[in-house]
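Coordinates from model37.txt are shown below (compact mmCIF, C-alpha atoms).
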```txt
# COMPACT_ATOMS: atom_id res chain seq x y z
CA MET A 1 -24.75 -21.68 25.23
CA GLU A 2 -25.59 -24.14 22.44
CA GLN A 3 -26.57 -21.25 20.23
CA ASP A 4 -23.37 -19.39 21.03
CA LYS A 5 -21.29 -22.41 20.09
CA GLU A 6 -23.21 -22.81 16.86
CA LYS A 7 -22.68 -19.14 16.04
CA GLU A 8 -19.01 -19.48 16.79
CA GLY A 9 -18.83 -22.51 14.49
CA ILE A 10 -20.43 -20.66 11.63
CA GLU A 11 -18.08 -17.74 12.15
CA ASN A 12 -15.11 -20.07 12.04
CA ILE A 13 -16.28 -21.59 8.78
CA ASN A 14 -16.89 -18.13 7.31
CA CYS A 15 -13.45 -17.07 8.37
CA GLN A 16 -11.83 -20.12 6.78
CA LEU A 17 -13.78 -19.60 3.57
CA SER A 18 -12.51 -16.03 3.46
CA ILE A 19 -8.97 -17.25 3.80
CA VAL A 20 -9.46 -19.76 0.97
CA ASN A 21 -10.99 -17.00 -1.09
CA CYS A 22 -8.02 -14.82 -0.35
CA GLN A 23 -5.58 -17.53 -1.42
CA LEU A 24 -7.44 -17.93 -4.73
CA ASN A 25 -7.38 -14.23 -5.58
CA LYS A 26 -4.05 -13.25 -4.20
CA ASN A 27 -3.59 -10.09 -6.16
CA VAL A 28 -7.06 -8.69 -5.83
CA TYR A 29 -8.09 -7.73 -2.31
CA PRO A 30 -6.84 -8.88 1.03
CA ILE A 31 -9.04 -10.45 3.64
CA PHE A 32 -7.59 -8.06 6.19
CA ASP A 33 -8.70 -4.94 4.40
CA LYS A 34 -9.00 -2.78 7.49
CA MET A 35 -6.43 -0.55 9.12
CA MET A 36 -5.10 -1.53 12.49
CA GLY A 37 -7.39 0.00 15.09
CA ARG A 38 -6.81 2.27 18.04
CA SER A 39 -6.86 -0.58 20.54
CA ASP A 40 -4.20 -2.49 18.54
CA LYS A 41 -1.97 0.56 18.75
CA GLU A 42 -2.72 1.19 22.41
CA GLN A 43 -1.75 -2.44 23.05
CA LEU A 44 1.49 -2.01 21.10
CA LEU A 45 2.33 1.14 23.04
CA GLY A 46 1.17 -0.17 26.39
CA GLN A 47 -0.91 2.94 27.02
CA ARG A 48 -4.36 4.36 26.46
CA SER A 49 -4.72 7.59 24.53
CA VAL A 50 -6.48 10.73 25.64
CA MET A 51 -6.63 14.38 24.64
CA VAL A 52 -5.57 16.85 27.32
CA TRP A 53 -6.86 20.22 26.18
CA PHE A 54 -5.27 23.22 27.92
CA THR A 55 -7.33 26.40 27.73
CA GLY A 56 -6.48 29.80 29.21
CA LEU A 57 -5.19 33.29 28.49
CA SER A 58 -2.04 34.05 26.56
CA GLY A 59 0.84 33.74 29.02
CA SER A 60 -1.16 31.66 31.50
CA GLY A 61 1.30 28.77 31.19
CA LYS A 62 -0.48 26.32 28.87
CA SER A 63 2.52 25.39 26.72
CA THR A 64 4.87 25.36 29.71
CA LEU A 65 2.59 22.90 31.48
CA ALA A 66 2.18 20.76 28.36
CA ILE A 67 5.94 20.63 27.83
CA ALA A 68 6.65 19.73 31.46
CA LEU A 69 3.86 17.14 31.49
CA GLU A 70 5.11 15.57 28.26
CA ARG A 71 8.59 15.26 29.77
CA GLU A 72 7.26 13.49 32.86
CA LEU A 73 5.06 11.15 30.85
CA HIS A 74 7.85 10.41 28.38
CA GLN A 75 10.17 9.48 31.25
CA ARG A 76 7.50 7.02 32.40
CA GLY A 77 7.45 5.49 28.90
CA TYR A 78 4.34 7.16 27.53
CA LEU A 79 4.38 8.46 23.96
CA CYS A 80 2.88 11.96 23.72
CA ARG A 81 2.29 14.60 21.08
CA ILE A 82 2.04 18.29 21.90
CA LEU A 83 0.03 20.48 19.58
CA ASP A 84 0.52 24.19 20.16
CA GLY A 85 0.81 27.46 18.33
CA ASP A 86 4.45 26.88 17.48
CA ASN A 87 3.93 23.71 15.46
CA ILE A 88 0.38 24.36 14.20
CA ARG A 89 0.38 27.99 13.13
CA SER A 90 3.68 27.48 11.29
CA GLY A 91 2.52 24.29 9.58
CA ILE A 92 -0.97 23.01 8.84
CA ASN A 93 -2.60 26.33 9.78
CA ASN A 94 -0.08 28.66 8.15
CA ASN A 95 -2.78 29.88 5.76
CA LEU A 96 -5.13 31.04 8.51
CA GLY A 97 -5.38 34.51 10.02
CA PHE A 98 -7.22 35.74 13.08
CA SER A 99 -10.68 36.53 11.73
CA ALA A 100 -13.62 34.94 13.55
CA GLU A 101 -13.93 32.28 10.82
CA ASP A 102 -10.23 31.54 10.78
CA ARG A 103 -10.11 31.14 14.56
CA ILE A 104 -12.85 28.53 14.36
CA GLU A 105 -11.14 26.78 11.44
CA ASN A 106 -7.88 26.89 13.41
CA ILE A 107 -9.42 24.95 16.29
CA ARG A 108 -11.37 22.63 13.97
CA ARG A 109 -8.20 21.51 12.20
CA ILE A 110 -6.34 21.12 15.49
CA ALA A 111 -9.12 18.90 16.81
CA GLU A 112 -9.08 16.80 13.61
CA VAL A 113 -5.30 16.38 13.81
CA GLY A 114 -5.66 15.52 17.49
CA LYS A 115 -8.24 12.88 16.61
CA LEU A 116 -5.74 11.19 14.27
CA PHE A 117 -3.18 11.08 17.09
CA ILE A 118 -5.72 9.79 19.62
CA ASP A 119 -6.74 7.15 17.09
CA SER A 120 -3.06 6.11 16.93
CA GLY A 121 -2.95 5.50 20.68
CA ILE A 122 -0.95 8.63 21.47
CA VAL A 123 -1.47 10.85 24.52
CA THR A 124 -2.15 14.23 22.92
CA LEU A 125 -1.65 17.58 24.66
CA ALA A 126 -3.18 20.65 23.03
CA ALA A 127 -2.32 24.14 24.29
CA PHE A 128 -4.49 26.84 22.74
CA ILE A 129 -6.27 29.86 24.20
CA SER A 130 -9.57 28.50 22.81
CA PRO A 131 -11.44 31.31 24.55
CA ASN A 132 -15.06 30.19 24.53
CA ASP A 133 -17.43 27.32 25.15
CA TYR A 134 -18.48 27.16 21.51
CA ILE A 135 -14.98 26.52 20.24
CA ARG A 136 -14.09 24.04 23.01
CA GLU A 137 -17.40 22.26 22.56
CA MET A 138 -16.61 21.88 18.86
CA ALA A 139 -13.17 20.46 19.65
CA GLY A 140 -14.66 18.05 22.18
CA THR A 141 -17.30 16.90 19.73
CA ILE A 142 -14.76 16.20 16.98
CA ILE A 143 -12.42 14.36 19.33
CA GLY A 144 -15.16 12.58 21.27
CA LYS A 145 -16.24 13.66 24.74
CA GLU A 146 -14.99 10.48 26.43
CA ASP A 147 -11.44 11.26 25.23
CA PHE A 148 -11.48 14.99 25.91
CA LEU A 149 -10.01 16.28 29.17
CA GLU A 150 -10.34 20.02 29.59
CA VAL A 151 -7.67 21.65 31.75
CA TYR A 152 -8.32 25.26 32.63
CA VAL A 153 -5.14 27.24 33.25
CA SER A 154 -6.76 29.97 35.31
CA THR A 155 -3.75 32.22 35.95
CA PRO A 156 -5.18 35.76 36.46
CA ILE A 157 -4.71 38.27 33.67
CA GLU A 158 -2.58 40.53 35.88
CA GLU A 159 0.01 37.77 36.18
CA CYS A 160 -0.20 36.86 32.47
CA GLU A 161 0.26 40.50 31.57
CA ARG A 162 3.16 40.88 34.00
CA ARG A 163 4.93 37.94 32.31
CA ASP A 164 4.03 39.06 28.77
CA VAL A 165 6.56 36.62 27.32
CA LYS A 166 5.80 37.51 23.72
CA GLY A 167 5.09 41.20 24.29
CA LEU A 168 1.54 40.70 23.06
CA TYR A 169 -0.25 42.35 25.99
CA ALA A 170 1.80 45.52 25.50
CA LYS A 171 0.84 45.53 21.83
CA ALA A 172 -2.80 44.82 22.62
CA ARG A 173 -2.90 47.70 25.17
CA ARG A 174 -1.43 50.01 22.53
CA GLY A 175 -4.22 48.88 20.19
CA GLU A 176 -1.81 47.16 17.80
CA ILE A 177 -3.62 43.81 18.12
CA ARG A 178 -7.38 43.67 17.71
CA ASP A 179 -9.63 41.27 19.61
CA PHE A 180 -6.92 40.17 22.01
CA THR A 181 -8.33 37.72 24.54
CA GLY A 182 -8.52 39.24 28.02
CA VAL A 183 -7.87 42.78 26.77
CA SER A 184 -10.25 43.50 23.91
CA ALA A 185 -12.03 40.17 23.58
CA PRO A 186 -13.68 38.03 26.25
CA PHE A 187 -12.46 34.77 27.75
CA GLU A 188 -15.19 32.39 28.89
CA ALA A 189 -13.91 30.13 31.67
CA PRO A 190 -14.89 26.48 31.18
CA VAL A 191 -17.83 25.44 33.35
CA HIS A 192 -16.75 21.89 34.24
CA PRO A 193 -13.04 21.50 33.54
CA ALA A 194 -11.42 18.21 34.58
CA LEU A 195 -8.79 20.29 36.37
CA THR A 196 -8.09 23.97 37.11
CA LEU A 197 -4.53 25.20 37.58
CA ASP A 198 -3.55 28.72 38.57
CA THR A 199 0.17 28.96 37.84
CA SER A 200 0.47 32.14 39.93
CA LEU A 201 -0.34 30.05 43.03
CA LEU A 202 1.09 26.65 42.17
CA THR A 203 4.69 25.80 41.36
CA LEU A 204 5.29 24.07 38.07
CA GLU A 205 6.04 20.85 39.96
CA GLU A 206 2.76 21.08 41.87
CA SER A 207 0.76 21.66 38.70
CA VAL A 208 2.47 18.79 36.90
CA GLN A 209 1.81 16.49 39.86
CA LYS A 210 -1.90 17.32 39.73
CA LEU A 211 -1.88 16.62 35.99
CA LEU A 212 -0.13 13.29 36.48
CA ASN A 213 -2.63 12.32 39.18
CA LEU A 214 -5.46 13.05 36.76
CA ILE A 215 -3.99 11.50 33.62
CA ILE A 216 -2.00 8.43 34.58
CA PRO A 217 -5.02 6.44 35.82
CA LYS A 218 -6.67 7.13 32.44
CA ILE A 219 -3.74 6.08 30.26
CA GLU A 220 -2.10 3.23 32.13
CA ILE A 221 -2.78 -0.34 31.06
CA ASN A 222 -2.44 -2.82 33.89
CA MET B 1 41.53 16.75 26.04
CA GLU B 2 42.27 19.40 28.66
CA GLN B 3 40.14 21.87 26.77
CA ASP B 4 37.30 19.38 26.46
CA LYS B 5 37.33 18.77 30.21
CA GLU B 6 37.33 22.48 30.89
CA LYS B 7 34.40 22.97 28.54
CA GLU B 8 32.56 20.14 30.22
CA GLY B 9 33.22 21.75 33.60
CA ILE B 10 31.81 25.07 32.48
CA GLU B 11 28.76 23.36 31.05
CA ASN B 12 28.19 21.55 34.32
CA ILE B 13 28.37 24.80 36.24
CA ASN B 14 26.00 26.46 33.80
CA CYS B 15 23.61 23.59 34.11
CA GLN B 16 23.68 23.75 37.90
CA LEU B 17 23.18 27.50 37.84
CA SER B 18 20.13 26.98 35.65
CA ILE B 19 18.75 24.49 38.11
CA VAL B 20 19.31 26.90 40.99
CA ASN B 21 17.65 29.60 38.93
CA CYS B 22 14.76 27.29 38.30
CA GLN B 23 14.41 26.51 42.00
CA LEU B 24 14.28 30.21 42.79
CA ASN B 25 11.58 30.97 40.25
CA LYS B 26 9.62 27.80 40.49
CA ASN B 27 6.40 29.12 39.10
CA VAL B 28 7.78 31.13 36.24
CA TYR B 29 9.51 29.14 33.51
CA PRO B 30 11.02 25.72 33.52
CA ILE B 31 14.61 25.04 32.60
CA PHE B 32 13.42 22.29 30.26
CA ASP B 33 11.30 24.56 28.13
CA LYS B 34 11.53 22.53 24.96
CA MET B 35 9.31 19.74 23.73
CA MET B 36 10.73 16.27 23.56
CA GLY B 37 12.33 15.85 20.16
CA ARG B 38 11.90 13.35 17.38
CA SER B 39 14.94 11.33 18.39
CA ASP B 40 13.64 11.03 21.99
CA LYS B 41 10.43 9.58 20.63
CA GLU B 42 12.20 7.31 18.16
CA GLN B 43 14.25 6.01 21.07
CA LEU B 44 11.12 5.43 23.16
CA LEU B 45 9.48 3.56 20.28
CA GLY B 46 12.61 1.70 19.22
CA GLN B 47 12.13 2.72 15.60
CA ARG B 48 13.03 5.45 13.16
CA SER B 49 10.24 7.30 11.40
CA VAL B 50 9.79 7.75 7.69
CA MET B 51 7.04 8.81 5.28
CA VAL B 52 6.07 6.19 2.70
CA TRP B 53 4.12 8.07 0.05
CA PHE B 54 2.04 5.84 -2.25
CA THR B 55 1.11 7.48 -5.56
CA GLY B 56 -0.89 5.97 -8.41
CA LEU B 57 -4.26 5.85 -10.14
CA SER B 58 -7.55 5.33 -8.36
CA GLY B 59 -7.92 1.56 -7.89
CA SER B 60 -4.21 0.87 -8.36
CA GLY B 61 -3.96 -0.63 -4.87
CA LYS B 62 -2.41 2.18 -2.80
CA SER B 63 -4.60 1.84 0.29
CA THR B 64 -4.61 -1.96 0.07
CA LEU B 65 -0.80 -1.96 0.07
CA ALA B 66 -0.63 0.58 2.90
CA ILE B 67 -3.05 -1.47 5.02
CA ALA B 68 -1.19 -4.74 4.40
CA LEU B 69 2.18 -3.07 5.04
CA GLU B 70 0.93 -1.51 8.27
CA ARG B 71 -0.26 -4.93 9.47
CA GLU B 72 3.13 -6.51 8.80
CA LEU B 73 5.03 -3.66 10.45
CA HIS B 74 2.67 -3.63 13.43
CA GLN B 75 3.24 -7.37 13.94
CA ARG B 76 6.96 -6.63 14.04
CA GLY B 77 6.35 -4.01 16.74
CA TYR B 78 6.49 -0.85 14.63
CA LEU B 79 3.95 1.89 15.27
CA CYS B 80 2.47 3.22 12.01
CA ARG B 81 -0.12 5.74 10.92
CA ILE B 82 -1.98 5.45 7.62
CA LEU B 83 -3.28 8.64 6.06
CA ASP B 84 -5.70 8.05 3.20
CA GLY B 85 -8.85 9.43 1.68
CA ASP B 86 -11.05 7.69 4.21
CA ASN B 87 -9.65 9.40 7.28
CA ILE B 88 -8.52 12.69 5.69
CA ARG B 89 -11.38 13.70 3.41
CA SER B 90 -13.89 12.92 6.16
CA GLY B 91 -11.93 14.82 8.82
CA ILE B 92 -9.36 17.57 8.48
CA ASN B 93 -10.08 18.09 4.78
CA ASN B 94 -13.87 17.80 4.91
CA ASN B 95 -14.17 21.43 3.80
CA LEU B 96 -12.21 20.93 0.59
CA GLY B 97 -13.60 20.11 -2.83
CA PHE B 98 -11.87 19.03 -6.02
CA SER B 99 -10.92 22.35 -7.64
CA ALA B 100 -7.28 22.77 -8.63
CA GLU B 101 -6.65 24.93 -5.53
CA ASP B 102 -8.41 22.51 -3.22
CA ARG B 103 -6.45 19.55 -4.55
CA ILE B 104 -3.21 21.34 -3.76
CA GLU B 105 -4.47 22.38 -0.32
CA ASN B 106 -5.58 18.78 0.25
CA ILE B 107 -2.04 17.48 -0.30
CA ARG B 108 -0.45 20.38 1.60
CA ARG B 109 -2.47 19.64 4.73
CA ILE B 110 -1.78 15.90 4.42
CA ALA B 111 1.95 16.59 4.21
CA GLU B 112 1.78 18.89 7.26
CA VAL B 113 -0.13 16.27 9.25
CA GLY B 114 2.38 13.67 8.08
CA LYS B 115 5.21 15.87 9.29
CA LEU B 116 3.71 15.95 12.79
CA PHE B 117 3.57 12.15 12.82
CA ILE B 118 7.12 11.80 11.46
CA ASP B 119 8.24 14.25 14.13
CA SER B 120 6.65 11.94 16.72
CA GLY B 121 8.73 8.99 15.54
CA ILE B 122 5.87 7.25 13.75
CA VAL B 123 6.17 5.37 10.45
CA THR B 124 3.64 7.19 8.29
CA LEU B 125 1.99 5.71 5.19
CA ALA B 126 0.16 8.11 2.88
CA ALA B 127 -2.02 6.76 0.07
CA PHE B 128 -3.20 9.48 -2.31
CA ILE B 129 -3.41 9.66 -6.11
CA SER B 130 -1.20 12.79 -6.00
CA PRO B 131 -1.09 12.81 -9.80
CA ASN B 132 1.81 15.10 -10.64
CA ASP B 133 5.37 16.04 -9.85
CA TYR B 134 4.40 19.48 -8.58
CA ILE B 135 2.12 18.14 -5.88
CA ARG B 136 4.49 15.33 -4.82
CA GLU B 137 7.42 17.75 -4.82
CA MET B 138 5.46 20.04 -2.50
CA ALA B 139 4.69 17.14 -0.16
CA GLY B 140 8.33 16.06 -0.16
CA THR B 141 9.51 19.58 0.57
CA ILE B 142 7.15 19.98 3.53
CA ILE B 143 8.04 16.59 4.97
CA GLY B 144 11.75 16.80 4.16
CA LYS B 145 13.30 14.91 1.28
CA GLU B 146 15.41 12.65 3.52
CA ASP B 147 12.22 11.31 5.14
CA PHE B 148 10.15 11.01 1.99
CA LEU B 149 9.97 7.63 0.23
CA GLU B 150 7.93 7.71 -2.97
CA VAL B 151 6.29 4.40 -3.92
CA TYR B 152 4.74 4.35 -7.36
CA VAL B 153 1.84 1.92 -7.64
CA SER B 154 2.03 1.51 -11.41
CA THR B 155 -0.94 -0.80 -12.01
CA PRO B 156 -2.15 -0.09 -15.60
CA ILE B 157 -5.36 1.84 -16.01
CA GLU B 158 -7.07 -1.11 -17.74
CA GLU B 159 -6.70 -3.14 -14.55
CA CYS B 160 -7.71 -0.23 -12.30
CA GLU B 161 -10.78 0.35 -14.42
CA ARG B 162 -11.64 -3.36 -14.46
CA ARG B 163 -11.57 -3.36 -10.63
CA ASP B 164 -13.42 -0.04 -10.32
CA VAL B 165 -14.04 -0.69 -6.63
CA LYS B 166 -15.84 2.57 -6.05
CA GLY B 167 -17.55 2.78 -9.46
CA LEU B 168 -15.66 6.00 -10.17
CA TYR B 169 -14.28 5.01 -13.59
CA ALA B 170 -17.79 4.21 -14.82
CA LYS B 171 -18.96 7.62 -13.62
CA ALA B 172 -15.94 9.34 -15.16
CA ARG B 173 -16.55 7.61 -18.52
CA ARG B 174 -20.16 8.80 -18.40
CA GLY B 175 -18.85 12.32 -17.82
CA GLU B 176 -20.31 12.50 -14.30
CA ILE B 177 -16.91 13.26 -12.76
CA ARG B 178 -14.74 16.00 -14.20
CA ASP B 179 -10.95 15.89 -14.31
CA PHE B 180 -10.74 12.26 -13.27
CA THR B 181 -7.12 11.11 -13.21
CA GLY B 182 -6.34 8.67 -16.01
CA VAL B 183 -9.61 9.37 -17.84
CA SER B 184 -10.00 13.12 -18.22
CA ALA B 185 -6.92 14.37 -16.37
CA PRO B 186 -3.30 13.29 -16.73
CA PHE B 187 -1.21 11.21 -14.34
CA GLU B 188 2.50 11.97 -14.33
CA ALA B 189 4.49 8.93 -13.26
CA PRO B 190 7.22 9.76 -10.73
CA VAL B 191 10.68 9.97 -12.29
CA HIS B 192 12.74 8.41 -9.49
CA PRO B 193 10.45 6.52 -7.13
CA ALA B 194 12.09 4.53 -4.34
CA LEU B 195 10.00 1.56 -5.50
CA THR B 196 7.54 0.72 -8.29
CA LEU B 197 4.83 -1.88 -7.75
CA ASP B 198 2.42 -3.11 -10.42
CA THR B 199 -0.30 -4.94 -8.52
CA SER B 200 -1.56 -6.57 -11.73
CA LEU B 201 1.71 -8.52 -11.92
CA LEU B 202 2.67 -8.96 -8.27
CA THR B 203 0.67 -10.71 -5.57
CA LEU B 204 -0.09 -8.68 -2.49
CA GLU B 205 2.43 -10.76 -0.55
CA GLU B 206 5.14 -10.08 -3.13
CA SER B 207 4.48 -6.35 -3.08
CA VAL B 208 4.48 -6.22 0.71
CA GLN B 209 7.75 -8.17 0.81
CA LYS B 210 9.36 -5.61 -1.50
CA LEU B 211 8.06 -2.82 0.72
CA LEU B 212 9.39 -4.49 3.85
CA ASN B 213 12.80 -4.97 2.20
CA LEU B 214 12.89 -1.26 1.41
CA ILE B 215 11.53 0.10 4.67
CA ILE B 216 12.78 -2.07 7.52
CA PRO B 217 16.46 -1.15 7.06
CA LYS B 218 15.41 2.51 7.27
CA ILE B 219 13.32 2.23 10.42
CA GLU B 220 15.08 -0.39 12.51
CA ILE B 221 17.29 0.70 15.39
CA ASN B 222 20.02 -1.81 16.17
```

Would you mind writing the file out in structure tokens?
Amino acid sequence: MEQDKEKEGIENINCQLSIVNCQLNKNVYPIFDKMMGRSDKEQLLGQRSVMVWFTGLSGSGKSTLAIALERELHQRGYLCRILDGDNIRSGINNNLGFSAEDRIENIRRIAEVGKLFIDSGIVTLAAFISPNDYIREMAGTIIGKEDFLEVYVSTPIEECERRDVKGLYAKARRGEIRDFTGVSAPFEAPVHPALTLDTSLLTLEESVQKLLNLIIPKIEIN
Amino acid sequence: MEQDKEKEGIENINCQLSIVNCQLNKNVYPIFDKMMGRSDKEQLLGQRSVMVWFTGLSGSGKSTLAIALERELHQRGYLCRILDGDNIRSGINNNLGFSAEDRIENIRRIAEVGKLFIDSGIVTLAAFISPNDYIREMAGTIIGKEDFLEVYVSTPIEECERRDVKGLYAKARRGEIRDFTGVSAPFEAPVHPALTLDTSLLTLEESVQKLLNLIIPKIEIN
């Protein structure tokens, strides 16, 4: 106790000296020379940040789920950021192709961008096929495991192929796309996802409710 | 008037049909299949977003100004994101060097990341030497000119070199760093910056006040 008080006293003096110092050298360097931290921003926003990482086949419903989830969270006052093929492949990753190296670099950059959003207190939703443990492990390591929630959208390939929103399965079957996940390249299901959603069995509302049940306790500040 | 009402009526019917459609195909695609937009997020945050792009020599005070500005804006309830060498070169751009191509790619990726933050309603502060018109023009084009505020930190090289916080000028003078801006590579001052700040003449408080005067009218929502 005594020691604690003493320590506190010394810290106070140090702090005041720094302020004096700062007043004397006004145009050199500020005493507060650090960026605002994640917890400052979380406090400002009234939320905790987390990365929700949707993984699954093309057409499984990743982006649809992310978009519907964002809408629900936004209506509850939570600020979110979706990262998906539409805004990543056309922007920061517009100079990447689909070679093995480029696919890894694609996910690496996404994870790094996600980390900047997480660090700003923002609930971040990433929707990418990310077909194997290696690539998801890398993303989780960059972001930080404690902030990384893996959601496996497990819709069976038959259903994804039946939807074929972008016509990619048809192209892949005709051999016009190489290494297409589920057709000519493997998909490794995550071993311990935080949640698994099969959108051929669940309605969108049911899936979103399960997501909200998982996420809200992690992001709400009482 | 009549026509407007009629149009409104048709839109209402269309909207209700879409909802019915959505109810019938609950697990296919949602009616609200678009991400929340920038203005939704600006409304949620109670602020407008903008990119404040600090350009100037190494040691001119770019990051110091960005950090102090962020603190002032944060205290007024504005959510900001600083992008600078510390969080960019160690993360998303950790696979880039200092070749001419890599310097351009460095700024391109920063601008693309910035665009994602702007699109999320966040006041974004970028602090990078960005030594020429070409590179700043590229950044402005990616971000969108109407959202791009160029702040020229015009501190003279003599003062930057006197500070030499990172010891880089000493290394550059000894020839240990090639193409060092201001020593062995040119710096092109911006032609029409939104603001010019010489931190050898202004105190930090004075500079920050000028920044606040410029920025707050652009980001406040009445």

Legend entry - Residue nearest Leu44 of chain A - candidates B:Ser207, B:Thr181, B:Thr64, B:Gln75, atoms counted: all atoms listed in the file: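 Result for the nearest residue to Leu44 of chain A: B:Gln75.
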
Inset, instruction - Give me, as number ranges by chain, the contact residues of chain A against chain B at a cut-off of 6 Å, counting all atoms listed in the file. - result: A: 26-27, 35, 67, 91-92, 109, 112, 203-204

Inset, instruction - Find the residue from A:Pro131, A:Gly85, A:Gly182, A:Gly56 that sits nearest to Val151 of chain A; use all atoms listed in the file when measuring. - result: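 Selected residue with least distance to Val151 of chain A: A:Gly56.
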
Inset, instruction - Mind giving me the straight-line distance from atom CA of Asp147 of chain A to atom CA of Thr55 of chain A in Å, one decimal? - result: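 Computing the Euclidean distance for atom CA of Asp147 of chain A and atom CA of Thr55 of chain A yields 15.9 Å.
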
Inset, instruction - Rounded to one decimal place, report the atom CA of Ala170 of chain B-atom CA of Ser58 of chain B distance in Å. - result: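 Distance reported for this atom pair: 12.2 Å.
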
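What separates atom CA of Gly140 of chain A from atom CA of Ala126 of chain A is a distance of 11.8 Å.
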
Legend entry - Neighbour list for Ile177 of chain B as a PyMOL selection string, cut-off 8 Å, all atoms listed in the file, skip fewer than 4 positions in-chain: chain B and resi 168+171-172

Inset, instruction - Find the residues around Ala185 of chain B up to 12 Å (all atoms listed in the file counted), leave out those fewer than 6 positions away in its own chain, and share them as a ChimeraX atom specification. - result: /B:57,100,129-132,172-173,177-179

Centre, x/y/z edge lengths, axis-aligned box for segment 73-88 of chain A with 5 Å per side, as lines of an AutoDock Vina configuration file:
```
center_x = 5.1
center_y = 16.5
center_z = 23.3
size_x = 20.1
size_y = 32.0
size_z = 28.2
```

Inset, instruction - List every protein, DNA or RNA residue that has at least one atom no more than 9 Å from (-10.0, 24.6, 34.5) in the file's coordinates, counting only C-alpha atoms, and write the result as a PyMOL selection string. - result: chain A and resi 54-56+150-154+189-198

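Distances from A:Thr124, A:Gln209, A:Ser99, A:Asn106 to Phe180 of chain A were compared using only C-alpha atoms, and the smallest one belongs to A:Ser99.
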
Regenerate segment 56-67 of chain A at the level of N, CA, C and O atoms and dump it as an mmCIF file, in the frame of the given file.
```cif
data_model
loop_
_atom_site.group_PDB
_atom_site.id
_atom_site.type_symbol
_atom_site.label_atom_id
_atom_site.label_comp_id
_atom_site.auth_asym_id
_atom_site.auth_seq_id
_atom_site.Cartn_x
_atom_site.Cartn_y
_atom_site.Cartn_z
ATOM 1 N N GLY A 56 -6.805 28.701 28.294
ATOM 2 C CA GLY A 56 -6.480 29.800 29.210
ATOM 3 C C GLY A 56 -5.899 30.968 28.427
ATOM 4 O O GLY A 56 -5.616 30.848 27.231
ATOM 5 N N LEU A 57 -5.691 32.067 29.134
ATOM 6 C CA LEU A 57 -5.190 33.290 28.490
ATOM 7 C C LEU A 57 -3.794 33.105 27.923
ATOM 8 O O LEU A 57 -3.059 32.205 28.335
ATOM 9 N N SER A 58 -3.422 33.985 27.031
ATOM 10 C CA SER A 58 -2.040 34.050 26.560
ATOM 11 C C SER A 58 -1.131 34.318 27.759
ATOM 12 O O SER A 58 -1.429 35.191 28.580
ATOM 13 N N GLY A 59 -0.082 33.540 27.903
ATOM 14 C CA GLY A 59 0.840 33.740 29.020
ATOM 15 C C GLY A 59 0.420 33.041 30.305
ATOM 16 O O GLY A 59 1.111 33.144 31.332
ATOM 17 N N SER A 60 -0.677 32.304 30.268
ATOM 18 C CA SER A 60 -1.160 31.660 31.500
ATOM 19 C C SER A 60 -0.299 30.458 31.880
ATOM 20 O O SER A 60 -0.306 30.025 33.037
ATOM 21 N N GLY A 61 0.416 29.909 30.895
ATOM 22 C CA GLY A 61 1.300 28.770 31.190
ATOM 23 C C GLY A 61 0.894 27.461 30.529
ATOM 24 O O GLY A 61 1.391 26.400 30.908
ATOM 25 N N LYS A 62 0.024 27.537 29.527
ATOM 26 C CA LYS A 62 -0.480 26.320 28.870
ATOM 27 C C LYS A 62 0.639 25.489 28.250
ATOM 28 O O LYS A 62 0.760 24.298 28.522
ATOM 29 N N SER A 63 1.446 26.127 27.401
ATOM 30 C CA SER A 63 2.520 25.390 26.720
ATOM 31 C C SER A 63 3.566 24.905 27.708
ATOM 32 O O SER A 63 4.061 23.780 27.598
ATOM 33 N N THR A 64 3.890 25.751 28.681
ATOM 34 C CA THR A 64 4.870 25.360 29.710
ATOM 35 C C THR A 64 4.402 24.106 30.436
ATOM 36 O O THR A 64 5.180 23.167 30.656
ATOM 37 N N LEU A 65 3.135 24.077 30.796
ATOM 38 C CA LEU A 65 2.590 22.900 31.480
ATOM 39 C C LEU A 65 2.609 21.686 30.568
ATOM 40 O O LEU A 65 2.974 20.582 30.992
ATOM 41 N N ALA A 66 2.215 21.893 29.300
ATOM 42 C CA ALA A 66 2.180 20.760 28.360
ATOM 43 C C ALA A 66 3.579 20.186 28.165
ATOM 44 O O ALA A 66 3.766 18.967 28.161
ATOM 45 N N ILE A 67 4.552 21.068 28.045
ATOM 46 C CA ILE A 67 5.940 20.630 27.830
ATOM 47 C C ILE A 67 6.460 19.869 29.055
ATOM 48 O O ILE A 67 7.075 18.807 28.929
#
```
